[in-house]
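Asker: One structure is given below, represented as structure tokens, and several questions about it will come after.
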Amino acid sequence: MLTAEYLLQMKDVSKDYSGNRVLKGVNINIKAGEIHGLVGENGAGKSTLMNILFGMPVIHSTGGYEGDILIDGEVANPKSPKESMELGIGMVHQEFMLIPGFSITENIKLNREITKDNLFSRILGPKMKTLDFKKMGQDSREALDKLGMSIDEWLPVAGLPVGYMQFVEIAREIDKDNLKLLVFDEPTAVLAESEADRFLKIVRKLADMGIAILFISHRLDEIIEITDNITVLRDGEVVSNLITKDADVHKIAELMVGRKIESTNMDKIFKEETEDEDYILNIKDLYVDMPGEVVKGLNLKVRRGEILGIGGLGGQGKIGVANGIMGLYPTKGEILKNSESLPLNQPKKSLDLGVAFVTEDRRGVGLLLDDSIEHNIAISALQIKEKFIKKTAAIRMMDEKMVREHALDMIKELDIRCTGPKQLTRRLSGGNQQKVCIARALTLDPDIILVSEPTRGIDIGAKKIVLDLLVKLNKELGMTVIITSSELAELRSISDRIAIIFEGKLEGILAPNASDVDFGLMMAGEYGKEGVS
Amino acid sequence: MDQNVKLDEIKTKRQMTSDYIFRFIVPIVFIVLCGIGYNLSELQFTFVLNEVITRLARNSFLVISLIIPVIAGMGLNFGIVLGAIAGQIALVFVTDHSLGGLSGLLIAFLVSTPLAIVFGYLVGQVLNRAKGKEMITSMILGFFANGVYQLVFLVFAGTIIPFKTEKLIISTGMGVRNSVDLIGVRQALDNVWKIRPYQGLTVPMSTIIVVGLLCLTLTFFLRTKLGQEMRTVGQNMHIAEVSGINVDRTRITAIIISTVLAAWGQIIFLQNIGTLNTYGSHEQVGLFAVASLLIGGASVTKATYRQALLGTFLFHMLFIISPMAGQNLMGDSQIGEFFRVFVAYGVIGLALLLHAWQKRGKK
Amino acid sequence: MESFKNFVEKVGYPRLIIGGFLFILSIMAAMLSIPIPGLIGDILTRIGMNGILVLAMVPAIRAGVGLNFALPLGIVCGLIGALISIEFKLTGFTGLFITLIVAIPLAAIVGYFYGQMLNRMKGQEMTVGTYVGFSVVSAMCIFWLLAPFRSPELIWAVGGSGLRVTVSLESSIDKVLNSFLSFNFAGVQVPTGLLLFFGLCCLIVWFFGKTKSGVIMNAAGSNERFATATGINVNQQRILGVILSTILGAIGIIVYSQSFGFLQLYNAPLYSAMPAVAAILIGGASIKKVKISHVIIGTFLFQALLVVALPVLNILADGNMSEVIRMIVQNGIILYALTRKTGGDLA
């Protein structure tokens, strides 16, 4: 057998989803026993790359990919998760693939159970083989011992601390005899600090056993600490392959974020916050329990009449802020609007007090997909402001004429491309759906409009229209706009200030024309630590 | 983070205790009910015991046939009605061909098996299209199958489907008679080995042995690779899929096994009764079997053969004593009859309610 | 070909298949020279009889609870109302009126508690609802046996205790609606009052859909998360939907019974939700979306099918066949709805 220099090579891997190119000629090489870091913003293409590596159906049902994946120097190109498993590629998932009702052993041996023959299996086939629990236990014990875990292999998984669950997942992977490459996707995100330390030690140990490790993380200090080499991905391209000892947090941060800033918004003057300013919204110690986007003690002040951008990496809690203000997820803390307390956990109260929300989940939360444009626009105001109501003999009817007129106005005003106000919103394009959502928010006559991910999943032309619309609302109607987005460039193009959220807290506020390094550091949570300016 | 962990732990703990209580509270309540009912009914002990043993022997098999789909996460399979139908077709077949005795019964088992496999496959396909609402779908499927069954037996029998034994057919030459005397196979299994420990008590040992064998097989099955796959699918379809288990096929296999067992169960049931109520014997099979299993303390997600046996015992005990208890208590035996029907429906309703409740709690 | 496909999609398989079936049966009926006016009269009567029970599905679907398999809850309330008015020897429109007066608040209360229960088990409404319905019907069997009614109309004359299995309405509210303004046109007996009442109910439900409450309830039902974000109390709206559905169920059985001429107690309401569910699905409704036109079309198609099938099959095959056809069609349609991908997550 030919011994190749690299265990895994990804050569010129490209992928597009219906014309949208998400990976462009990616090259990554990993040697056996190497820990290779992979960093990049959300949407940089990391998960697509991993899906390709694992032969996930989502890749092959959308037309496959270009380029080659080589294992030990031979073209492998796995077409299914099973094939990739057979090639020796393992993954520790961000969401644990563990069955709570099963014991640790059963989980480690999930669908790889050791069996022995019996009378029935000889007649009815291998599915009737009896499980050999004794041997399964021994194997699991061995795998756990390798990780330095003394926990009883027969304990049920339900009730184990999160850190242990992760170790069980790792044990499952190293129990596979042919394991060559192990991928960790944000492994420390769920761990407490002490657990994380222990975890990193084990990763090192695994590498010393000759397993190649691909380590995906947003925590740059961790990447620097543990990896041998780092690949930085941005917009589907490899922007840099670094040797870790030549890199520092600064450099990676800059590489991750770096892109040209549209010059439209360079003239904004950044002012430090002062005590006696007019703040329309003052958020104190806010906690929001939104799954995947938890906010943990956020303090943030919003000036009257400004456009405030909220940025940060996925999962750090930026999405949770707006949802918390609206009371859509369990929230605690204090929110003052115009120095008056805004009741928490009551969406109706927030709406009553003039806060409108355009959600990030347009199709799930933002629209009644099987209802008409006019109803979608009118319904919030009907519920909250008692608009569009006509009283007939003490019965409050919806005034369809008024609804129609208003919808027509909005369609004209926001340039919603549709066949008419009766069209179902399901049939609209993403951009036009977004405009309907904004139209509904505007119908409430709010003084603050919260907009989350306004350009997600809509095409470039429509993106610009939506962003311009927000600026127009701000300038002409004096509305305070709080825009949350994963696309930093978009925030920088329209915001007066940009607040970066890290691990559920405010990491800092930057001017839109601040340097890439600052943004990168803040998003990676390194800004405060190093005290750079 | 730590707080979250603790919260989760508390949640699972609370759920576990509620599970725990539920597992035992239902059988306990029914034991108490049976105790009170027995006293009120003033029936003879030997009579009750004899009846209960007979019913336990003839019904257990059907109840146990429900267990595998529960383990595979498909809930209570009301679709065993289709299995019962397969069994009845086989019995009509052997009766039509005047086959009798134990060999006739074995032929009935043989004939019912391929039918049940086909039915089970169809039920499985349908249920795979209705994931998350298997129970109501299997129930409606049972009603639907009943309609088709009646169509075949009322119209096609004697006209399209030729019959050898004329007296099975209604005099007009179309349709099977309302009740079929299973003269050939009556108690063919029970009679293999019966013991009479004392006056008034008859124990069909052979049938009980068959049920015992089924329990053993089931225990063995759950320790096989396929059994483990079913448990995995039952716990979490997504993880099963990711770890390479063919979820849809596993679910279909589970339903096929259940349907075949139900077909055999119905044959065992009817050989004891001795007459087939052509248009009624199968209708309540799902209801009574499911109620029995639940009374034994099973839930929508957990069931063992012990629960099946205990539940069958308690449910039929209630069946035997409630008319007399009602008579003595309220002067009306009908109350007892209505009561036991209410118990059947009520216990299923309650189990579903608790299940839905818990499922929501988990989210 | 393309346009044919579009046509099928627009009309929907259930309507198309049942409609086609009905068409064939009608031709057969004509060929067998079964008197057509009689059939039409029967169809009209049965639409009026069953229509409100089908209409009862509408508020439940709109409020997001799905098909209301617990319709027997409302039916039992209606039956109690009727029993009370008979007990007090009320007849004609007074009887009907008092029946409704008793039944409606009762149904509202029952619906309120049932709605509360459903809010604790979102996503499982249909499975649980079915068995709640069954349990209540079987529990009421005991009630009918013990209920303290005295009227000789209601209880067995000799032997047996408790209420009769079927109570004749001849001396009370039998056909009060059917005969109101009824006329005969070309051999067709038109039950004007019955149809008017059904029409009125449809109109009220339609009108409710246009009020603020109706619009809000509809929004809560079609997208729970949207509604929450719009400041709507979704649970409250669901309870409202269940209450309305239960009330319509109660009114429905009263109208049904006065036309039928008997009250059917004990196990009779056990499967009563199934025909109503099937009818609305045949009409083109889904588990999530429904219009009043679906009620009318569905009731018409389903009842017409049964009415026409009876004499045709009596001549061609066995008399029981009509019942068998009902069973297959009814459950087949429900099965179809349950296994559709767009069937929603309600079970």
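Quick note on naming: the chains in the structure tokens go A, B, ... in the order shown, residues restart at 1 in each chain, and ligands are numbered from 1 in order of appearance.
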Select all residues from chain B having any atom no more than 6 Å from an atom of chain A (counting only C-alpha atoms, ignoring ligands), output as a list of chain:residue names.
Answerer: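 Going by the stated atoms only, the list reads B:Glu9, B:Arg223, B:Thr224, B:Lys225, B:Leu226, B:Ile239.
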Asker: Those selected residues, please, written with C-alpha atoms and delivered as a PDB file, in the first residue's frame.
Answerer:
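The resulting file, result06.pdb, is shown below:
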```pdb
ATOM      1  CA  GLU B   9     -31.990  16.705  35.504  1.00  0.00           C
ATOM      2  CA  ARG B 223     -31.851  -9.378  22.585  1.00  0.00           C
ATOM      3  CA  THR B 224     -31.176  -9.897  18.899  1.00  0.00           C
ATOM      4  CA  LYS B 225     -29.717  -7.422  16.458  1.00  0.00           C
ATOM      5  CA  LEU B 226     -33.137  -6.753  14.946  1.00  0.00           C
ATOM      6  CA  ILE B 239     -30.356   8.988  15.437  1.00  0.00           C
TER       7      ILE B 239
END
```
Asker: Identify, with DSSP run on backbone atoms, the residues in stretch 94-285 of chain B assigned to alpha helix (DSSP H), and express the list as a ChimeraX atom specification.
Answerer: /B:94-96,101-128,134-151,205-222,225-235,237-242,247-273,285
Asker: For a quick check of understanding, using only C-alpha atoms, which of A:Glu95, A:Asp352, A:Asp248, A:Asp68 has the smallest distance to A:Gln166?
Answerer: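 Under the stated criterion, the closest residue is A:Glu95.
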Asker: Taking only C-alpha atoms into account, report as number ranges by chain which residues of chain A lie within 9 Å of chain C.
Answerer: A: 326-328, 346-352, 357, 359, 364-371, 375, 379-384, 386, 389, 395-400
Asker: Got time to write the residues from that selection, N, CA and C atoms, as a CSV table (one decimal), in the first residue's frame?
Answerer:
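Written output follows (result-v8.csv):
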```csv
chain,number,residue,atom,x,y,z
A,326,MET,N,-39.1,41.3,22.5
A,326,MET,CA,-40.5,41.0,22.1
A,326,MET,C,-41.2,40.1,23.0
A,327,GLY,N,-40.5,39.4,23.9
A,327,GLY,CA,-41.1,38.5,24.8
A,327,GLY,C,-41.5,37.1,24.2
A,328,LEU,N,-40.8,36.7,23.2
A,328,LEU,CA,-41.2,35.5,22.5
A,328,LEU,C,-40.5,34.3,23.1
A,346,GLN,N,-44.3,39.3,27.4
A,346,GLN,CA,-45.7,39.6,27.0
A,346,GLN,C,-45.6,40.3,25.6
A,347,PRO,N,-45.6,39.5,24.6
A,347,PRO,CA,-45.5,40.1,23.2
A,347,PRO,C,-46.5,41.2,23.0
A,348,LYS,N,-47.7,41.0,23.5
A,348,LYS,CA,-48.8,42.0,23.3
A,348,LYS,C,-48.4,43.4,23.9
A,349,LYS,N,-47.8,43.4,25.1
A,349,LYS,CA,-47.4,44.6,25.7
A,349,LYS,C,-46.3,45.3,24.9
A,350,SER,N,-45.3,44.5,24.4
A,350,SER,CA,-44.2,45.1,23.7
A,350,SER,C,-44.8,45.8,22.4
A,351,LEU,N,-45.7,45.1,21.8
A,351,LEU,CA,-46.3,45.7,20.6
A,351,LEU,C,-47.1,46.9,20.9
A,352,ASP,N,-47.9,46.8,22.0
A,352,ASP,CA,-48.7,48.0,22.5
A,352,ASP,C,-47.8,49.2,22.7
A,357,PHE,N,-41.6,44.1,15.3
A,357,PHE,CA,-40.6,43.1,15.1
A,357,PHE,C,-40.7,42.5,13.7
A,359,THR,N,-39.2,39.3,12.1
A,359,THR,CA,-38.5,38.1,12.6
A,359,THR,C,-37.5,37.6,11.6
A,364,GLY,N,-41.5,30.7,9.2
A,364,GLY,CA,-42.1,30.1,10.3
A,364,GLY,C,-42.9,31.0,11.2
A,365,VAL,N,-42.4,32.2,11.4
A,365,VAL,CA,-43.0,33.1,12.4
A,365,VAL,C,-43.5,34.3,11.7
A,366,GLY,N,-42.9,34.7,10.6
A,366,GLY,CA,-43.2,36.0,10.0
A,366,GLY,C,-44.5,36.1,9.2
A,367,LEU,N,-44.9,35.0,8.7
A,367,LEU,CA,-46.0,35.1,7.8
A,367,LEU,C,-47.1,34.0,8.0
A,368,LEU,N,-48.3,34.4,7.6
A,368,LEU,CA,-49.4,33.4,7.4
A,368,LEU,C,-49.3,33.0,6.0
A,369,LEU,N,-48.6,31.9,5.7
A,369,LEU,CA,-48.2,31.6,4.3
A,369,LEU,C,-49.4,31.3,3.5
A,370,ASP,N,-50.5,30.8,4.1
A,370,ASP,CA,-51.6,30.4,3.3
A,370,ASP,C,-52.7,31.5,3.4
A,371,ASP,N,-52.3,32.7,3.7
A,371,ASP,CA,-53.2,33.8,3.7
A,371,ASP,C,-52.8,34.9,2.8
A,375,HIS,N,-54.2,40.4,4.3
A,375,HIS,CA,-54.5,40.0,5.6
A,375,HIS,C,-53.2,40.0,6.5
A,379,ILE,N,-53.1,42.2,9.9
A,379,ILE,CA,-53.5,41.5,11.1
A,379,ILE,C,-52.9,42.0,12.4
A,380,SER,N,-51.7,42.4,12.4
A,380,SER,CA,-51.1,42.8,13.7
A,380,SER,C,-51.8,44.1,14.2
A,381,ALA,N,-52.0,45.0,13.2
A,381,ALA,CA,-52.6,46.3,13.6
A,381,ALA,C,-54.1,46.0,14.1
A,382,LEU,N,-54.7,45.1,13.4
A,382,LEU,CA,-56.1,44.7,13.8
A,382,LEU,C,-56.1,44.2,15.2
A,383,GLN,N,-55.2,43.4,15.6
A,383,GLN,CA,-55.1,42.8,16.9
A,383,GLN,C,-54.7,43.9,17.9
A,384,ILE,N,-53.6,44.6,17.6
A,384,ILE,CA,-53.0,45.5,18.6
A,384,ILE,C,-53.6,46.9,18.7
A,386,GLU,N,-56.4,47.9,17.0
A,386,GLU,CA,-57.9,48.0,16.7
A,386,GLU,C,-58.1,48.8,15.4
A,389,ILE,N,-61.3,48.3,11.8
A,389,ILE,CA,-62.5,47.7,12.4
A,389,ILE,C,-63.7,48.6,12.1
A,395,ILE,N,-71.0,44.5,16.8
A,395,ILE,CA,-70.1,43.4,16.4
A,395,ILE,C,-69.0,44.0,15.7
A,396,ARG,N,-67.8,43.7,16.1
A,396,ARG,CA,-66.6,44.3,15.5
A,396,ARG,C,-66.2,43.5,14.3
A,397,MET,N,-66.4,44.1,13.1
A,397,MET,CA,-66.1,43.4,11.9
A,397,MET,C,-64.8,43.9,11.3
A,398,MET,N,-64.1,43.1,10.6
A,398,MET,CA,-62.9,43.6,9.9
A,398,MET,C,-63.4,44.4,8.7
A,399,ASP,N,-62.9,45.6,8.5
A,399,ASP,CA,-63.2,46.4,7.4
A,399,ASP,C,-62.4,46.1,6.2
A,400,GLU,N,-63.0,45.2,5.4
A,400,GLU,CA,-62.2,44.7,4.3
A,400,GLU,C,-61.8,45.8,3.3
```
Asker: Report as a Markdown table: every residue of chain C with an atom at most 7 Å from chain B, its closest pair of atoms, and their distance in Å to one decimal, counting only C-alpha atoms, with rows sorted by chain and ascending residue number.
Answerer:
```
| residue | atom | partner | partner_atom | distance |
| --- | --- | --- | --- | --- |
| C:Arg120 | CA | B:Trp357 | CA | 6.3 |
| C:Met121 | CA | B:Ala356 | CA | 5.2 |
| C:Gln124 | CA | B:Ala356 | CA | 6.1 |
| C:Thr127 | CA | B:Ile136 | CA | 5.1 |
| C:Val128 | CA | B:Leu352 | CA | 5.9 |
| C:Tyr131 | CA | B:Gly349 | CA | 4.8 |
| C:Val132 | CA | B:Gly349 | CA | 5.7 |
| C:Phe134 | CA | B:Tyr345 | CA | 6.1 |
| C:Ser135 | CA | B:Gly346 | CA | 4.9 |
| C:Ser138 | CA | B:Phe342 | CA | 4.8 |
| C:Ala139 | CA | B:Phe342 | CA | 5.6 |
| C:Cys141 | CA | B:Phe338 | CA | 6.3 |
| C:Ile142 | CA | B:Ile335 | CA | 6.0 |
| C:Val324 | CA | B:Gly147 | CA | 5.4 |
| C:Met327 | CA | B:Gly147 | CA | 5.3 |
| C:Ile328 | CA | B:Gly147 | CA | 5.0 |
| C:Asn331 | CA | B:Phe144 | CA | 5.1 |
| C:Gly332 | CA | B:Phe144 | CA | 6.1 |
| C:Leu335 | CA | B:Ile140 | CA | 6.5 |
| C:Leu338 | CA | B:Ala130 | CA | 6.4 |
| C:Thr339 | CA | B:Ala130 | CA | 4.9 |
| C:Ala347 | CA | B:Lys133 | CA | 4.6 |
```
Asker: Suppose we keep N, CA and C atoms; can you now write the selection as a compact mmCIF listing (two decimals), in the first residue's frame?
Answerer:
```
# COMPACT_ATOMS: atom_id res chain seq x y z
N ARG C 120 -53.06 21.35 26.67
CA ARG C 120 -51.94 20.69 27.34
C ARG C 120 -51.32 19.60 26.49
N MET C 121 -51.90 19.34 25.35
CA MET C 121 -51.35 18.25 24.53
C MET C 121 -51.40 18.61 23.05
N GLN C 124 -51.37 16.36 19.52
CA GLN C 124 -51.96 15.02 19.65
C GLN C 124 -53.48 15.11 19.72
N THR C 127 -55.81 12.08 18.06
CA THR C 127 -55.76 10.77 18.71
C THR C 127 -56.46 10.84 20.06
N VAL C 128 -56.07 11.82 20.85
CA VAL C 128 -56.65 11.94 22.18
C VAL C 128 -58.14 12.23 22.07
N TYR C 131 -60.44 9.25 21.59
CA TYR C 131 -60.71 8.42 22.77
C TYR C 131 -61.41 9.17 23.88
N VAL C 132 -61.24 10.48 23.91
CA VAL C 132 -62.04 11.25 24.85
C VAL C 132 -63.50 11.11 24.45
N PHE C 134 -64.92 8.62 22.75
CA PHE C 134 -65.36 7.27 23.07
C PHE C 134 -65.65 7.13 24.57
N SER C 135 -64.71 7.64 25.37
CA SER C 135 -64.86 7.48 26.83
C SER C 135 -66.13 8.17 27.31
N SER C 138 -69.22 6.24 26.39
CA SER C 138 -69.44 5.04 27.20
C SER C 138 -69.76 5.40 28.65
N ALA C 139 -69.21 6.52 29.12
CA ALA C 139 -69.58 6.96 30.47
C ALA C 139 -71.04 7.41 30.50
N CYS C 141 -73.38 6.21 28.82
CA CYS C 141 -74.24 5.03 28.84
C CYS C 141 -74.71 4.75 30.26
N ILE C 142 -73.79 4.86 31.18
CA ILE C 142 -74.13 4.64 32.59
C ILE C 142 -75.08 5.73 33.06
N VAL C 324 -71.68 -0.83 4.09
CA VAL C 324 -70.28 -1.20 3.82
C VAL C 324 -69.61 -0.11 3.00
N MET C 327 -68.74 2.77 5.09
CA MET C 327 -67.57 2.51 5.92
C MET C 327 -66.28 2.69 5.12
N ILE C 328 -66.26 2.13 3.92
CA ILE C 328 -65.04 2.19 3.12
C ILE C 328 -64.75 3.63 2.70
N ASN C 331 -63.87 5.95 5.92
CA ASN C 331 -62.55 5.74 6.53
C ASN C 331 -61.44 5.88 5.52
N GLY C 332 -61.73 5.54 4.27
CA GLY C 332 -60.72 5.72 3.23
C GLY C 332 -60.33 7.19 3.11
N LEU C 335 -58.27 8.31 6.07
CA LEU C 335 -56.94 7.74 5.94
C LEU C 335 -56.11 8.53 4.94
N LEU C 338 -54.93 11.66 6.51
CA LEU C 338 -53.90 11.46 7.54
C LEU C 338 -52.54 11.18 6.93
N THR C 339 -52.53 10.52 5.76
CA THR C 339 -51.24 10.12 5.21
C THR C 339 -50.71 11.12 4.20
N ALA C 347 -52.13 14.99 15.40
CA ALA C 347 -52.49 13.58 15.38
C ALA C 347 -53.61 13.34 16.37
```
Asker: So how far away is atom CA of B:Gly244 from atom CA of B:Thr217, in Å?
Answerer: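 These two atoms are separated by 26.2 Å.
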Asker: Per residue of stretch 140-226 of chain C within 8 Å of stretch 290-296 of chain C, record the nearest atom pair and its distance in Å to one decimal, counting only C-alpha atoms, with rows in chain order and ascending residue number, as CSV.
Answerer:
```
residue,atom,partner,partner_atom,distance
C:Cys202,CA,C:Ile292,CA,6.7
C:Val205,CA,C:Ile292,CA,7.9
C:Trp206,CA,C:Ile292,CA,6.6
```
